[in-house]
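Student: What follows is upload04.tsv; its format and atoms are TSV, C-alpha atoms and all ligand atoms.
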```tsv
chain	number	residue	atom	x	y	z
A	37	MET	CA	0.00	0.00	0.00
A	38	HIS	CA	2.84	2.39	0.82
A	39	MET	CA	4.40	1.51	-2.53
A	40	ILE	CA	1.18	2.22	-4.43
A	41	ARG	CA	0.52	5.41	-2.51
A	42	SER	CA	4.00	6.74	-3.30
A	43	GLY	CA	3.12	6.50	-7.02
A	44	LYS	CA	6.76	5.84	-7.90
A	45	PHE	CA	6.77	2.16	-8.78
A	46	ALA	CA	4.17	1.88	-11.55
A	47	ASP	CA	6.78	0.42	-13.91
A	48	LYS	CA	7.81	-2.35	-11.49
A	49	LYS	CA	6.18	-5.77	-11.56
A	50	VAL	CA	5.18	-6.75	-8.03
A	51	LEU	CA	4.17	-10.30	-7.11
A	52	ILE	CA	2.33	-10.88	-3.80
A	53	ILE	CA	2.32	-14.52	-2.69
A	54	ASP	CA	0.13	-15.58	0.23
A	55	LYS	CA	-1.18	-19.03	1.08
A	56	ASP	CA	-4.34	-17.48	2.54
A	57	PRO	CA	-6.80	-15.59	0.31
A	58	LYS	CA	-7.49	-13.21	3.25
A	59	GLN	CA	-11.26	-13.53	3.08
A	60	SER	CA	-12.04	-13.88	6.77
A	61	ASN	CA	-12.12	-11.46	9.66
A	62	ASP	CA	-9.23	-13.25	11.37
A	63	ARG	CA	-8.02	-10.35	13.54
A	64	THR	CA	-8.79	-6.89	14.80
A	65	TRP	CA	-6.06	-4.30	14.98
A	66	CYS	CA	-5.94	-1.47	17.48
A	67	PHE	CA	-3.38	1.30	17.44
A	68	TRP	CA	-3.22	4.95	18.38
A	69	LYS	CA	-2.54	7.83	16.03
A	70	LYS	CA	-2.57	11.59	16.28
A	71	GLU	CA	-3.25	12.29	12.65
A	72	ALA	CA	-5.16	10.75	9.75
A	73	HIS	CA	-3.27	7.79	8.29
A	74	ILE	CA	-3.30	5.68	5.14
A	75	PHE	CA	-5.87	3.25	6.54
A	76	GLU	CA	-8.21	5.98	7.76
A	77	GLY	CA	-10.86	4.76	5.30
A	78	VAL	CA	-11.13	1.38	7.03
A	79	VAL	CA	-11.13	2.55	10.64
A	80	TYR	CA	-14.20	0.80	12.09
A	81	ARG	CA	-14.30	2.63	15.42
A	82	LYS	CA	-12.25	5.35	17.09
A	83	TRP	CA	-12.14	6.45	20.75
A	84	ASN	CA	-10.62	9.45	22.52
A	85	GLU	CA	-11.10	8.04	26.02
A	86	LEU	CA	-9.92	4.72	27.41
A	87	PHE	CA	-10.76	3.05	30.71
A	88	PHE	CA	-7.90	1.55	32.68
A	89	HIS	CA	-8.48	-0.66	35.73
A	90	GLY	CA	-5.29	-1.57	37.60
A	91	LYS	CA	-4.16	-2.20	41.16
A	92	ASP	CA	-6.12	0.22	43.38
A	93	PHE	CA	-6.47	2.51	40.40
A	94	SER	CA	-9.35	2.94	37.97
A	95	GLU	CA	-9.47	5.88	35.65
A	96	THR	CA	-10.87	7.13	32.36
A	97	LEU	CA	-7.74	8.15	30.46
A	98	LYS	CA	-7.96	11.11	28.13
A	99	ILE	CA	-5.63	10.27	25.28
A	100	GLU	CA	-5.89	13.34	23.07
A	101	PRO	CA	-4.09	14.31	20.85
A	102	TYR	CA	-4.16	10.55	20.15
A	103	HIS	CA	-7.15	8.58	18.94
A	104	TYR	CA	-7.43	4.87	19.58
A	105	ASN	CA	-8.26	3.25	16.21
A	106	MET	CA	-9.83	-0.12	15.56
A	107	VAL	CA	-9.47	-1.76	12.14
A	108	ARG	CA	-11.19	-5.06	11.36
A	109	GLY	CA	-9.02	-7.56	9.49
A	110	ILE	CA	-11.62	-8.22	6.79
A	111	ASP	CA	-12.07	-4.49	6.02
A	112	PHE	CA	-8.30	-4.08	5.83
A	113	TYR	CA	-7.87	-7.07	3.48
A	114	ASN	CA	-10.77	-6.04	1.22
A	115	TYR	CA	-9.53	-2.48	1.01
A	116	CYS	CA	-5.91	-3.44	0.28
A	117	LEU	CA	-6.83	-6.14	-2.24
A	118	GLY	CA	-9.26	-3.71	-3.93
A	119	VAL	CA	-6.59	-1.04	-4.33
A	120	ILE	CA	-3.93	-3.57	-5.37
A	121	ARG	CA	-6.21	-5.04	-8.08
A	122	GLN	CA	-6.55	-1.59	-9.69
A	123	HIS	CA	-2.81	-1.64	-10.43
A	124	LYS	CA	-1.87	-3.81	-13.37
A	125	ASN	CA	1.75	-4.14	-12.28
A	126	PHE	CA	0.62	-5.97	-9.08
A	127	HIS	CA	-0.15	-9.70	-9.26
A	128	ILE	CA	-1.57	-11.81	-6.46
A	129	TRP	CA	-0.87	-15.54	-6.18
A	130	LYS	CA	-2.38	-17.87	-3.63
A	131	ASP	CA	0.43	-20.29	-2.91
A	132	GLU	CA	2.77	-21.53	-0.24
A	133	VAL	CA	6.34	-20.23	-0.08
A	134	SER	CA	8.79	-22.80	1.25
A	135	HIS	CA	11.92	-20.70	1.24
A	136	VAL	CA	13.26	-17.20	0.54
A	137	PHE	CA	16.86	-16.49	-0.43
A	138	SER	CA	19.25	-13.77	-1.41
A	139	ASP	CA	23.00	-13.77	-1.94
A	140	SER	CA	25.39	-11.86	-4.13
A	141	LYS	CA	24.21	-13.85	-7.18
A	142	ALA	CA	20.44	-14.23	-6.88
A	143	THR	CA	17.35	-13.26	-4.91
A	144	GLY	CA	14.02	-15.03	-4.91
A	145	VAL	CA	11.41	-17.28	-3.35
A	146	VAL	CA	10.73	-20.99	-3.74
A	147	VAL	CA	7.14	-22.01	-4.48
A	148	ASN	CA	6.17	-25.63	-5.24
A	149	GLY	CA	9.84	-26.51	-5.58
A	150	LYS	CA	10.43	-23.82	-8.20
A	151	ALA	CA	12.58	-20.74	-7.62
A	152	ILE	CA	11.15	-17.41	-8.72
A	153	LEU	CA	13.90	-14.86	-9.15
A	154	CYS	CA	13.35	-11.17	-8.53
A	155	ASP	CA	15.08	-7.90	-7.64
A	156	TYR	CA	13.86	-7.83	-4.06
A	157	VAL	CA	11.99	-10.10	-1.67
A	158	PHE	CA	9.98	-8.51	1.14
A	159	ASN	CA	9.26	-11.38	3.49
A	160	SER	CA	6.68	-11.42	6.29
A	161	ILE	CA	6.75	-15.19	6.87
A	162	LEU	CA	8.19	-16.41	10.13
A	163	PHE	CA	9.15	-19.86	8.87
A	164	LYS	CA	10.05	-21.16	12.32
A	165	LYS	CA	10.63	-19.95	15.83
A	166	PRO	CA	14.09	-18.38	15.87
A	167	GLU	CA	16.92	-20.00	17.78
A	168	LEU	CA	17.20	-18.01	20.98
A	169	LYS	CA	20.35	-17.07	22.83
A	170	LYS	CA	20.60	-17.43	26.60
A	171	SER	CA	19.95	-13.71	26.96
A	172	ASN	CA	16.71	-13.86	24.96
A	173	TYR	CA	13.24	-14.04	26.45
A	174	TRP	CA	10.30	-15.41	24.54
A	175	LEU	CA	6.97	-14.73	26.19
A	176	LEU	CA	3.63	-15.16	24.48
A	177	GLN	CA	0.88	-12.64	24.30
A	178	HIS	CA	-2.15	-14.83	23.74
A	179	PHE	CA	-5.77	-13.90	23.67
A	180	LYS	CA	-9.25	-14.99	22.85
A	181	GLY	CA	-11.88	-12.44	21.90
A	182	TRP	CA	-15.65	-12.59	21.47
A	183	VAL	CA	-17.92	-10.12	19.75
A	184	ILE	CA	-20.91	-10.25	22.08
A	185	LYS	CA	-24.38	-8.90	21.47
A	186	THR	CA	-26.75	-8.02	24.30
A	187	LYS	CA	-30.49	-7.35	24.21
A	188	GLU	CA	-30.25	-4.35	26.54
A	189	PRO	CA	-27.83	-1.45	26.00
A	190	LYS	CA	-24.79	-2.33	28.14
A	191	PHE	CA	-21.84	-0.44	26.68
A	192	GLU	CA	-20.74	3.19	26.57
A	193	ASP	CA	-19.69	3.23	22.95
A	194	ASP	CA	-17.63	6.42	23.20
A	195	LYS	CA	-15.10	4.75	25.56
A	196	ALA	CA	-13.06	1.60	25.14
A	197	THR	CA	-11.35	-0.34	27.92
A	198	LEU	CA	-7.61	-0.53	27.25
A	199	MET	CA	-6.67	-2.86	30.11
A	200	ASP	CA	-8.73	-4.26	32.95
A	201	PHE	CA	-6.55	-6.16	35.41
A	202	ARG	CA	-9.39	-7.10	37.76
A	203	VAL	CA	-9.32	-10.63	36.30
A	204	SER	CA	-7.47	-13.44	38.10
A	205	GLN	CA	-3.66	-13.24	37.78
A	206	GLN	CA	-3.22	-16.95	38.62
A	207	HIS	CA	-1.59	-17.77	35.25
A	208	GLY	CA	0.58	-14.60	35.19
A	209	THR	CA	-0.10	-11.16	33.74
A	210	ALA	CA	-3.69	-11.21	32.51
A	211	PHE	CA	-6.21	-8.55	31.58
A	212	CYS	CA	-9.30	-7.99	29.51
A	213	TYR	CA	-10.05	-5.24	27.08
A	214	VAL	CA	-13.38	-4.12	25.67
A	215	LEU	CA	-13.97	-2.43	22.35
A	216	PRO	CA	-17.60	-1.30	22.22
A	217	LEU	CA	-19.07	-1.32	18.72
A	218	SER	CA	-22.48	0.03	19.78
A	219	ALA	CA	-24.55	0.27	22.97
A	220	ASN	CA	-25.31	-3.46	22.74
A	221	LYS	CA	-22.30	-4.92	20.95
A	222	ALA	CA	-18.61	-5.15	21.91
A	223	LEU	CA	-15.44	-7.10	21.27
A	224	VAL	CA	-14.23	-8.43	24.61
A	225	GLU	CA	-10.74	-9.95	24.72
A	226	TYR	CA	-9.07	-12.00	27.45
A	227	THR	CA	-5.30	-11.53	27.14
A	228	LEU	CA	-2.30	-13.08	28.90
A	229	PHE	CA	1.48	-12.46	28.82
A	230	THR	CA	2.91	-15.84	29.83
A	231	LYS	CA	5.38	-18.53	28.76
A	232	THR	CA	2.82	-21.09	27.65
A	233	LEU	CA	-0.65	-21.17	26.14
A	234	LEU	CA	-3.79	-22.23	28.01
A	235	ASP	CA	-6.40	-24.77	26.94
A	236	GLN	CA	-9.04	-23.19	24.72
A	237	GLN	CA	-11.68	-23.76	27.41
A	238	GLU	CA	-9.66	-21.68	29.90
A	239	TYR	CA	-9.81	-18.63	27.63
A	240	SER	CA	-13.55	-19.11	27.27
A	241	ASN	CA	-13.89	-19.42	31.04
A	242	GLY	CA	-11.84	-16.22	31.48
A	243	LEU	CA	-14.14	-14.39	29.07
A	244	LYS	CA	-17.32	-15.75	30.68
A	245	GLU	CA	-16.15	-14.75	34.16
A	246	TYR	CA	-15.13	-11.26	33.09
A	247	ILE	CA	-18.35	-10.63	31.19
A	248	ALA	CA	-20.47	-11.83	34.14
A	249	HIS	CA	-18.54	-10.37	37.09
A	250	PHE	CA	-17.08	-7.15	35.79
A	251	LEU	CA	-19.36	-6.18	32.92
A	252	GLY	CA	-22.41	-7.50	34.78
A	253	ILE	CA	-23.77	-9.08	31.60
A	254	HIS	CA	-25.52	-12.46	31.83
A	255	ASP	CA	-27.64	-12.53	28.72
A	256	TYR	CA	-25.65	-12.30	25.49
A	257	GLU	CA	-24.88	-14.00	22.20
A	258	VAL	CA	-21.36	-14.62	20.90
A	259	GLU	CA	-21.36	-13.44	17.28
A	260	GLU	CA	-17.68	-13.83	16.41
A	261	GLU	CA	-14.55	-15.29	17.96
A	262	GLU	CA	-10.86	-14.53	17.42
A	263	PHE	CA	-7.77	-16.14	18.85
A	264	GLY	CA	-4.20	-14.96	18.50
A	265	VAL	CA	-0.66	-15.41	19.73
A	266	ILE	CA	1.99	-12.72	19.39
A	267	PRO	CA	5.61	-13.31	20.42
A	268	MET	CA	6.93	-10.89	23.06
A	269	THR	CA	10.67	-11.17	22.80
A	270	ASN	CA	13.96	-9.32	22.89
A	271	PHE	CA	15.30	-11.60	20.15
A	272	LYS	CA	16.81	-9.39	17.44
A	273	PHE	CA	15.01	-10.54	14.31
A	274	PRO	CA	17.36	-10.26	11.32
A	275	VAL	CA	16.50	-7.31	9.07
A	276	GLY	CA	17.47	-9.32	5.99
A	277	LYS	CA	20.49	-9.53	3.73
A	278	HIS	CA	21.45	-8.51	0.22
A	279	ARG	CA	18.06	-7.97	-1.45
A	280	LEU	CA	15.94	-9.88	1.03
A	281	VAL	CA	14.12	-7.61	3.48
A	282	HIS	CA	12.20	-9.05	6.40
A	283	ILE	CA	9.06	-7.13	7.31
A	284	GLY	CA	6.26	-7.36	9.87
A	285	THR	CA	6.69	-9.57	12.94
A	286	ALA	CA	9.29	-11.62	11.01
A	287	GLY	CA	11.23	-8.38	10.54
A	288	GLY	CA	11.18	-7.44	14.23
A	289	GLN	CA	8.29	-4.97	14.03
A	290	THR	CA	6.47	-6.34	17.08
A	291	LYS	CA	7.25	-4.33	20.18
A	292	GLY	CA	8.69	-6.83	22.63
A	293	SER	CA	7.05	-5.45	25.74
A	294	SER	CA	3.55	-4.76	24.41
A	295	GLY	CA	2.93	-6.90	21.31
A	296	TYR	CA	1.70	-3.84	19.40
A	297	THR	CA	2.87	-4.20	15.81
A	298	PHE	CA	0.48	-2.49	13.37
A	299	ASN	CA	1.82	1.02	13.72
A	300	PHE	CA	5.45	-0.13	13.70
A	301	ILE	CA	4.82	-2.03	10.46
A	302	GLN	CA	3.38	1.13	8.87
A	303	LYS	CA	6.38	3.22	9.90
A	304	HIS	CA	8.80	0.52	8.70
A	305	SER	CA	7.02	0.08	5.35
A	306	ALA	CA	6.91	3.85	4.76
A	307	ALA	CA	10.66	4.06	5.49
A	308	ILE	CA	11.38	1.17	3.07
A	309	VAL	CA	9.41	2.83	0.26
A	310	GLU	CA	11.08	6.18	0.93
A	311	ARG	CA	14.50	4.55	0.60
A	312	LEU	CA	13.58	2.61	-2.55
A	313	SER	CA	12.26	5.77	-4.16
A	314	LYS	CA	15.65	7.38	-3.55
A	315	ASN	CA	17.48	4.35	-4.97
A	316	ARG	CA	18.82	3.47	-1.54
A	317	SER	CA	18.88	-0.02	-0.08
A	318	PRO	CA	15.59	-0.88	1.68
A	319	LEU	CA	17.52	-2.80	4.35
A	320	ILE	CA	17.25	-0.61	7.42
A	321	LYS	CA	19.99	-1.60	9.82
A	322	LYS	CA	19.13	-1.06	13.47
A	323	SER	CA	21.33	1.41	15.29
A	324	ILE	CA	21.71	1.36	19.06
A	325	ASP	CA	18.18	0.87	20.22
A	326	ARG	CA	17.37	2.16	23.69
A	327	PHE	CA	13.71	1.20	23.31
A	328	GLY	CA	14.82	-2.38	22.65
A	329	PHE	CA	16.77	-2.16	25.91
A	330	TYR	CA	13.68	-0.94	27.83
A	331	ASP	CA	11.66	-3.77	26.29
A	332	SER	CA	14.33	-6.25	27.41
A	333	VAL	CA	14.25	-4.91	30.95
A	334	LEU	CA	10.48	-5.25	31.15
A	335	LEU	CA	10.58	-8.72	29.62
A	336	HIS	CA	13.25	-9.73	32.14
A	337	ILE	CA	10.97	-8.64	34.99
A	338	LEU	CA	7.92	-10.40	33.58
A	339	TYR	CA	9.82	-13.54	32.59
A	340	HIS	CA	11.34	-13.91	36.07
A	341	ASP	CA	8.11	-12.90	37.84
A	342	GLN	CA	9.96	-10.11	39.63
A	343	LEU	CA	6.93	-7.82	39.57
A	344	PRO	CA	3.39	-8.48	38.37
A	345	GLY	CA	2.57	-6.85	35.02
A	346	LYS	CA	-0.56	-5.53	36.71
A	347	GLU	CA	1.54	-3.34	39.02
A	348	ILE	CA	3.88	-2.13	36.30
A	349	PHE	CA	1.08	-1.03	33.96
A	350	THR	CA	-0.81	0.53	36.89
A	351	ASP	CA	2.19	2.67	37.84
A	352	LEU	CA	2.72	3.65	34.22
A	353	PHE	CA	-0.82	5.00	33.85
A	354	LYS	CA	-1.22	6.25	37.44
A	355	PHE	CA	1.83	8.47	37.53
A	356	ASN	CA	2.06	9.62	33.92
A	357	SER	CA	-0.32	11.22	31.48
A	358	ALA	CA	-1.84	8.73	29.05
A	359	PRO	CA	-0.51	10.56	25.93
A	360	ALA	CA	3.02	10.46	27.44
A	361	VAL	CA	2.73	6.67	27.98
A	362	LEU	CA	1.38	6.11	24.46
A	363	LYS	CA	4.23	8.15	22.99
A	364	PHE	CA	6.69	6.05	25.03
A	365	LEU	CA	5.07	2.79	23.89
A	366	ASP	CA	5.39	4.07	20.31
A	367	ASN	CA	9.19	4.46	20.80
A	368	GLU	CA	8.83	8.17	20.07
A	369	THR	CA	9.80	9.85	23.35
A	370	SER	CA	12.97	11.84	23.96
A	371	LEU	CA	15.49	10.65	26.54
A	372	THR	CA	14.21	13.24	29.03
A	373	GLU	CA	10.59	12.14	28.51
A	374	GLU	CA	11.37	8.48	28.95
A	375	TRP	CA	13.47	8.99	32.07
A	376	LYS	CA	10.55	10.86	33.59
A	377	ILE	CA	8.34	7.84	32.89
A	378	ILE	CA	10.89	5.26	34.03
A	379	SER	CA	11.40	7.13	37.32
A	380	THR	CA	7.73	6.45	38.19
A	381	LEU	CA	8.30	2.67	38.10
A	382	PRO	CA	9.49	0.67	41.15
A	383	THR	CA	13.20	1.51	41.34
A	384	MET	CA	14.80	-1.68	42.70
A	385	PRO	CA	13.35	-4.33	40.37
A	386	PHE	CA	13.94	-2.13	37.34
A	387	MET	CA	17.49	-1.20	38.41
A	388	LYS	CA	18.32	-4.86	39.04
A	389	ALA	CA	16.83	-5.93	35.73
A	390	ALA	CA	18.63	-3.12	33.88
A	391	VAL	CA	21.97	-4.05	35.43
A	392	SER	CA	21.42	-7.71	34.65
A	393	ARG	CA	20.59	-6.84	31.01
A	394	MET	CA	23.72	-4.68	30.73
A	395	VAL	CA	25.91	-7.41	32.16
A	401	LIG	C1	-5.54	-12.04	16.32
A	401	LIG	C2	-4.46	-10.97	16.32
A	401	LIG	C3	-4.78	-9.68	16.75
A	401	LIG	C4	-3.78	-8.68	16.74
A	401	LIG	N1	-4.11	-7.43	17.19
A	401	LIG	C5	-3.17	-6.46	17.14
A	401	LIG	C6	-3.51	-5.13	17.52
A	401	LIG	O1	-4.63	-4.86	17.97
A	401	LIG	N2	-2.57	-4.16	17.40
A	401	LIG	C7	-1.32	-4.43	16.92
A	401	LIG	O2	-0.52	-3.49	16.81
A	401	LIG	N3	-0.96	-5.68	16.59
A	401	LIG	C8	-1.85	-6.70	16.68
A	401	LIG	N4	-1.50	-7.97	16.30
A	401	LIG	C9	-0.09	-8.23	15.95
A	401	LIG	C10	0.23	-7.89	14.49
A	401	LIG	O3	-0.19	-6.59	14.16
A	401	LIG	C11	-0.39	-8.85	13.53
A	401	LIG	O4	0.05	-10.15	13.81
A	401	LIG	C12	-0.04	-8.51	12.09
A	401	LIG	O5	-0.92	-9.19	11.26
A	401	LIG	C13	1.40	-8.86	11.77
A	401	LIG	O6	1.61	-8.62	10.42
A	401	LIG	P1	2.64	-9.48	9.59
A	401	LIG	O7	2.62	-8.94	8.22
A	401	LIG	O8	3.91	-9.59	10.33
A	401	LIG	O9	2.04	-10.97	9.64
A	401	LIG	P2	0.68	-11.50	9.05
A	401	LIG	O10	-0.39	-10.47	9.04
A	401	LIG	O11	0.41	-12.76	9.80
A	401	LIG	O12	1.03	-11.81	7.53
A	401	LIG	C14	1.83	-12.90	7.17
A	401	LIG	C15	1.19	-13.49	5.94
A	401	LIG	O13	2.01	-14.54	5.48
A	401	LIG	C16	1.17	-15.59	5.03
A	401	LIG	N5	1.98	-16.80	5.11
A	401	LIG	C17	2.47	-17.41	6.21
A	401	LIG	N6	3.22	-18.46	5.86
A	401	LIG	C18	3.21	-18.53	4.51
A	401	LIG	C19	3.82	-19.37	3.55
A	401	LIG	N7	4.65	-20.36	3.90
A	401	LIG	N8	3.59	-19.13	2.24
A	401	LIG	C20	2.78	-18.12	1.85
A	401	LIG	N9	2.18	-17.28	2.70
A	401	LIG	C21	2.40	-17.47	4.01
A	401	LIG	C22	-0.02	-15.59	5.96
A	401	LIG	O14	-1.14	-16.17	5.35
A	401	LIG	C23	-0.19	-14.09	6.21
A	401	LIG	O15	-1.11	-13.52	5.32
A	401	LIG	C24	-2.46	-8.98	16.31
A	401	LIG	C25	-2.16	-10.29	15.91
A	401	LIG	C26	-3.15	-11.27	15.92
A	401	LIG	C27	-2.75	-12.66	15.51
```
Can the structure in the file be given as C-alpha cells, please?
Ligand SMILES: Cc1cc2nc3c(=O)[nH]c(=O)nc-3n(C[C@H](O)[C@H](O)[C@H](O)COP(=O)(O)OP(=O)(O)OC[C@H]3O[C@@H](n4cnc5c(N)ncnc54)[C@H](O)[C@@H]3O)c2cc1C

Tutor:
Amino acid sequence: MHMIRSGKFADKKVLIIDKDPKQSNDRTWCFWKKEAHIFEGVVYRKWNELFFHGKDFSETLKIEPYHYNMVRGIDFYNYCLGVIRQHKNFHIWKDEVSHVFSDSKATGVVVNGKAILCDYVFNSILFKKPELKKSNYWLLQHFKGWVIKTKEPKFEDDKATLMDFRVSQQHGTAFCYVLPLSANKALVEYTLFTKTLLDQQEYSNGLKEYIAHFLGIHDYEVEEEEFGVIPMTNFKFPVGKHRLVHIGTAGGQTKGSSGYTFNFIQKHSAAIVERLSKNRSPLIKKSIDRFGFYDSVLLHILYHDQLPGKEIFTDLFKFNSAPAVLKFLDNETSLTEEWKIISTLPTMPFMKAAVSRMV
C-alpha cells in the first residue's frame, strides 16, 4: 500500500504470494494515532477516552491528541486487495512459499519446488521460531476475543477499555479489554502475557467470568470469535540480507514489551518505500536501540516474575499522562521524557533488571 501510494513504482512488476486468500475477519487491529493515516478509510471505530483498571487505580484516560483506532481484518484485506487489483503491475498468487533467499548472485522465493527470481523479496513469513540465545526471552501474548451482542444497551460506545486487570492473575499477567461497537455490541478480549498457552476452554472461562462479574452481563450472544498469539521477545530478528528484506513480525516490528505491531509495520514500510524511491537499499539496519533495551528490561521482569505486570502497567498509567505513555510505547519519546516515565516505576526491580541486562 505504501508503494502504491508513493506512485513511484508503476513500472515495477510486483508479485504478492500468500497461502491465505485473506477472506475472513481473522483479527482486529488497534493502534493509536494523532493524525489521519493511510488506513483511515477502514477505521471501524475510534475512541478518545480509554478506561484503565489496575491495582487500586481505575481511571478514564484522556488520550488526546491521540485517537485509539480499531481496524477489522476483513475491512483491511478487502480495502488493500481492492486497491492492489486496480494496479496492473501488481499480481496476487495464492500459494505456499517454502523458502526465501538472497545472496550476491540471486534473490528469490521458492514455491512448489520452483525458484522465482526477482530484484527484491519482502518477506513477512516467520518460517520457524528463531533460535534463541541465553539472553533472549520469549513470552507469548495470547488472547481470545468474542464479539458479544446483548439485548439491553450495556456499553458506553464512546469509551473503550484498554486494560482491565481485575481478572485473576493466577496464570501470570492477565487482563481484559473491551472495544464497544455500539450500545449493545462489543469485542471483549481476554489476554495473557505468559510462557505457555492455556487450553481453549480456559480462555472461554476467562471471558465468561469477566463478562459476568465485571461487565455484569448475563444474557448475550457470541457473534464472532478470534484467537491470537503474538511473540513478546527481545530476540533481534534479522533485518534481511542482500536484497531480502524481512518485514512485519518476522522483521522485528512487534514491540517486545507490548505486542503492538500495526503502527510499527506502517512506519517501517513507509521508510522502506522512501529509501527505494531514492534508490537506496531498503535494508534498514538497526542502530543502538534504547527502546529495545527498555523492552528487554520489562521482559526480564515479567519472565522472572519479579513484579506483576498488573503493578507495572498501573504505575505507568497512574503516575504519567496517558498521551506520554502512548508516545513512550510508540518508541517516540525523547530521553528526558522516557526517564521521567521510568522514574515512576518501582526503582529496585527495574534497576536490578537493567543491570542484569547490561551485564
Ligand atoms: C488475532 C491478532 C490480533 C492482533 N491485534 C493487534 C492489535 O490490535 N494491534 C497491533 O498493533 N498488533 C496486533 N496484532 C499483531 C500484528 O499486528 C499482527 O500479527 C499482524 O498481522 C502482523 O503482520 P505481519 O505482516 O507480520 O504478519 P501476518 O499479518 O500474519 O502476515 C503474514 C502473511 O504470510 C502468510 N503466510 C504465512 N506463511 C506462509 C507461507 N509459507 N507461504 C505463503 N504465505 C504465508 C499468511 O497467510 C499471512 O497472510 C495482532 C495479531 C493477531 C494474531

Student: Kindly work out which residues sit at most 6 Å from ligand LIG 401 (chain A), using all atoms listed in the file, and give the list as a ChimeraX atom specification.

Tutor: /A:53-56,63-67,131-134,160-161,262-266,284-286,296-299

Student: CA of Lys69 (chain A) and CA of Ile320 (chain A), how far apart in Å?

Tutor: 23.2 Å

Student: Would you tabulate, counting only C-alpha atoms, all residues of region 105-213 of chain A that have an atom at most 7 Å from an atom of region 237-256 of chain A, showing the closest pair of atoms and their distance in Å to one decimal, sorted by chain then ascending number, as CSV?

Tutor:
```
residue,atom,partner,partner_atom,distance
A:Lys180,CA,A:Tyr239,CA,6.0
A:Ile184,CA,A:Tyr256,CA,6.2
A:Lys185,CA,A:Tyr256,CA,5.4
A:Thr186,CA,A:Tyr256,CA,4.6
A:Val203,CA,A:Tyr246,CA,6.7
```

Student: Could you tell me how far CA of Gly295 (chain A) lies from CA of Gln177 (chain A), in Å and to one decimal?

Tutor: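 So the answer is 6.8 Å.
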
Student: Here is a test: counting only C-alpha atoms, which residue of A:Leu335, A:Ile378, A:Leu362, A:Val258 is nearest to Lys70 (chain A)?

Tutor: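 Closest to Lys70 (chain A), using only C-alpha atoms: A:Leu362.
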
Student: Find the residues around region 99-103 of chain A up to 12 Å (only C-alpha atoms counted), leave out those fewer than 4 positions away in its own chain, and share them as a ChimeraX atom specification.

Tutor: /A:66-73,76,79,81-88,95,194-196,198,353,356-363,366

Student: Model the absent atoms of region 51-63 of chain A so that N, CA and C atoms are present, and write the result as a PDB file, in the coordinates of the input.

Tutor:
```pdb
ATOM      1  N   LEU A  51       4.893  -9.046  -7.308  1.00  0.00           N
ATOM      2  CA  LEU A  51       4.170 -10.300  -7.110  1.00  0.00           C
ATOM      3  C   LEU A  51       3.936 -10.486  -5.613  1.00  0.00           C
ATOM      4  N   ILE A  52       2.653 -10.644  -5.220  1.00  0.00           N
ATOM      5  CA  ILE A  52       2.330 -10.880  -3.800  1.00  0.00           C
ATOM      6  C   ILE A  52       1.922 -12.343  -3.678  1.00  0.00           C
ATOM      7  N   ILE A  53       2.659 -13.091  -2.855  1.00  0.00           N
ATOM      8  CA  ILE A  53       2.320 -14.520  -2.690  1.00  0.00           C
ATOM      9  C   ILE A  53       1.862 -14.741  -1.258  1.00  0.00           C
ATOM     10  N   ASP A  54       0.669 -15.280  -1.111  1.00  0.00           N
ATOM     11  CA  ASP A  54       0.130 -15.580   0.230  1.00  0.00           C
ATOM     12  C   ASP A  54      -0.645 -16.870   0.138  1.00  0.00           C
ATOM     13  N   LYS A  55      -0.469 -17.741   1.136  1.00  0.00           N
ATOM     14  CA  LYS A  55      -1.180 -19.030   1.080  1.00  0.00           C
ATOM     15  C   LYS A  55      -2.647 -18.871   1.465  1.00  0.00           C
ATOM     16  N   ASP A  56      -2.973 -17.720   2.049  1.00  0.00           N
ATOM     17  CA  ASP A  56      -4.340 -17.480   2.540  1.00  0.00           C
ATOM     18  C   ASP A  56      -4.974 -16.385   1.665  1.00  0.00           C
ATOM     19  N   PRO A  57      -6.191 -16.620   1.169  1.00  0.00           N
ATOM     20  CA  PRO A  57      -6.800 -15.590   0.310  1.00  0.00           C
ATOM     21  C   PRO A  57      -7.255 -14.347   1.078  1.00  0.00           C
ATOM     22  N   LYS A  58      -7.136 -14.355   2.391  1.00  0.00           N
ATOM     23  CA  LYS A  58      -7.490 -13.210   3.250  1.00  0.00           C
ATOM     24  C   LYS A  58      -8.958 -12.817   3.062  1.00  0.00           C
ATOM     25  N   GLN A  59      -9.821 -13.794   3.246  1.00  0.00           N
ATOM     26  CA  GLN A  59     -11.260 -13.530   3.080  1.00  0.00           C
ATOM     27  C   GLN A  59     -12.022 -13.624   4.389  1.00  0.00           C
ATOM     28  N   SER A  60     -11.301 -13.780   5.501  1.00  0.00           N
ATOM     29  CA  SER A  60     -12.040 -13.880   6.770  1.00  0.00           C
ATOM     30  C   SER A  60     -11.575 -12.786   7.728  1.00  0.00           C
ATOM     31  N   ASN A  61     -12.441 -12.497   8.674  1.00  0.00           N
ATOM     32  CA  ASN A  61     -12.120 -11.460   9.660  1.00  0.00           C
ATOM     33  C   ASN A  61     -11.296 -12.110  10.769  1.00  0.00           C
ATOM     34  N   ASP A  62     -10.021 -12.424  10.452  1.00  0.00           N
ATOM     35  CA  ASP A  62      -9.230 -13.250  11.370  1.00  0.00           C
ATOM     36  C   ASP A  62      -8.573 -12.470  12.496  1.00  0.00           C
ATOM     37  N   ARG A  63      -8.615 -11.145  12.451  1.00  0.00           N
ATOM     38  CA  ARG A  63      -8.020 -10.350  13.540  1.00  0.00           C
ATOM     39  C   ARG A  63      -8.568  -8.938  13.541  1.00  0.00           C
TER      40      ARG A  63
END
```
